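run.cif (mmCIF, C-alpha atoms and all ligand atoms)
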data_final
loop_
_atom_site.label_atom_id
_atom_site.label_comp_id
_atom_site.auth_asym_id
_atom_site.auth_seq_id
_atom_site.Cartn_x
_atom_site.Cartn_y
_atom_site.Cartn_z
CA MET A 1 -17.68 45.29 37.08
CA SER A 2 -16.72 42.50 39.45
CA LYS A 3 -14.78 39.47 38.33
CA PRO A 4 -16.69 36.35 37.41
CA ARG A 5 -16.84 33.92 40.25
CA GLU A 6 -18.70 31.00 38.78
CA VAL A 7 -18.08 29.06 35.63
CA GLU A 8 -19.91 26.14 34.10
CA VAL A 9 -17.80 23.51 32.37
CA LEU A 10 -19.43 21.74 29.43
CA PRO A 11 -18.17 19.40 26.73
CA CYS A 12 -17.51 21.05 23.39
CA GLY A 13 -19.79 19.30 20.91
CA TYR A 14 -18.47 20.99 17.78
CA THR A 15 -15.10 21.51 16.16
CA ALA A 16 -13.42 24.67 17.32
CA LYS A 17 -10.00 25.94 18.20
CA CYS A 18 -8.96 26.95 21.67
CA SER A 19 -9.78 30.64 22.07
CA VAL A 20 -6.44 31.40 23.67
CA PRO A 21 -4.69 33.09 20.73
CA TRP A 22 -1.29 31.43 21.07
CA CYS A 23 -2.76 27.99 21.60
CA GLY A 24 -3.34 25.90 18.50
CA ARG A 25 -5.02 22.98 20.19
CA ARG A 26 -8.53 21.83 19.57
CA ALA A 27 -11.17 23.03 21.98
CA THR A 28 -12.68 20.19 23.96
CA THR A 29 -14.37 22.24 26.63
CA VAL A 30 -16.82 25.10 26.77
CA LEU A 31 -16.51 27.52 29.68
CA ARG A 32 -19.66 29.48 30.40
CA TYR A 33 -19.16 32.32 32.83
CA LEU A 34 -22.01 33.21 35.13
CA ASP A 35 -22.71 36.64 36.53
CA ASN A 36 -23.63 37.33 40.15
CA HIS A 37 -27.19 36.22 39.49
CA GLY A 38 -26.19 32.89 37.98
CA ARG A 39 -26.92 34.00 34.43
CA PRO A 40 -24.48 33.12 31.66
CA TYR A 41 -22.95 36.20 30.10
CA ARG A 42 -19.90 34.95 28.27
CA GLN A 43 -18.84 31.68 26.71
CA THR A 44 -15.52 30.53 25.41
CA ASP A 45 -14.17 27.36 23.80
CA VAL A 46 -10.87 26.13 25.14
CA CYS A 47 -8.62 23.08 25.24
CA GLY A 48 -8.33 20.99 28.38
CA ILE A 49 -5.18 22.70 29.58
CA HIS A 50 -6.60 26.20 29.32
CA ALA A 51 -9.90 25.09 30.80
CA ARG A 52 -8.04 24.18 33.97
CA GLU A 53 -5.99 27.38 33.93
CA LEU A 54 -8.98 29.66 33.42
CA CYS A 55 -10.94 27.98 36.22
CA VAL A 56 -8.33 28.76 38.86
CA GLY A 57 -9.92 30.78 41.65
CA MET A 58 -13.43 30.28 40.34
CA LYS A 59 -16.28 28.17 41.56
CA VAL A 60 -16.55 25.42 38.97
CA ILE A 61 -19.86 23.80 38.07
CA ASP A 62 -18.95 20.70 36.12
CA ARG A 63 -21.71 19.80 33.67
CA ARG A 64 -19.74 17.21 31.78
CA PRO A 65 -21.24 13.73 31.71
ZN ZN B 1 -5.58 26.12 24.79
#
Mind turning this structure into structure tokens?
Amino acid sequence: MSKPREVEVLPCGYTAKCSVPWCGRRATTVLRYLDNHGRPYRQTDVCGIHARELCVGMKVIDRRP
């Protein structure tokens, strides 16, 4: 399977913790990974810092208002 190349960035509208295990911060961002056909296949809640880190090298579609 090829690596995801596109990710949608959305605001996190519910209370959740960052999905990075060693990070205890509150998730403020939802990352929705898109497959090669532009379909979402995986979603993860992360804090702002990890949102930036996980988007490195990806095409980012910012859906935040
Ligand atoms: Zn985090």
Review point. How would you write as a PyMOL selection string the residues that get within 10 Å of (-10.8, 35.1, 33.8) in the file's frame, counting all atoms listed in the file?
Key: chain A and resi 3-5+7+33+53-58
Close residues to ligand ZN 1 (chain B) using all atoms listed in the file, limit 8 Å, as an mmCIF file with C-alpha atoms, keeping the file's coordinate frame:
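Once written, part.cif looks like this:
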data_model
loop_
_atom_site.group_PDB
_atom_site.id
_atom_site.type_symbol
_atom_site.label_atom_id
_atom_site.label_comp_id
_atom_site.auth_asym_id
_atom_site.auth_seq_id
_atom_site.Cartn_x
_atom_site.Cartn_y
_atom_site.Cartn_z
ATOM 1 C CA LYS A 17 -10.000 25.940 18.200
ATOM 2 C CA CYS A 18 -8.960 26.950 21.670
ATOM 3 C CA SER A 19 -9.780 30.640 22.070
ATOM 4 C CA VAL A 20 -6.440 31.400 23.670
ATOM 5 C CA TRP A 22 -1.290 31.430 21.070
ATOM 6 C CA CYS A 23 -2.760 27.990 21.600
ATOM 7 C CA GLY A 24 -3.340 25.900 18.500
ATOM 8 C CA ARG A 25 -5.020 22.980 20.190
ATOM 9 C CA ARG A 26 -8.530 21.830 19.570
ATOM 10 C CA ALA A 27 -11.170 23.030 21.980
ATOM 11 C CA VAL A 46 -10.870 26.130 25.140
ATOM 12 C CA CYS A 47 -8.620 23.080 25.240
ATOM 13 C CA GLY A 48 -8.330 20.990 28.380
ATOM 14 C CA ILE A 49 -5.180 22.700 29.580
ATOM 15 C CA HIS A 50 -6.600 26.200 29.320
ATOM 16 C CA ALA A 51 -9.900 25.090 30.800
#
Practice item. Do a neighbour search on range 10-12 of chain A at 9 Å with all atoms listed in the file, toss out local chain neighbours closer than 2 positions, and write the hits as a list in words. Key: Glu8, Tyr14, Thr15, Ala16, Ala27, Thr28, Thr29, Val30, Leu31, Arg32, Asp45, Val46, Ile61, Asp62, Arg63, Arg64 and Pro65 of chain A
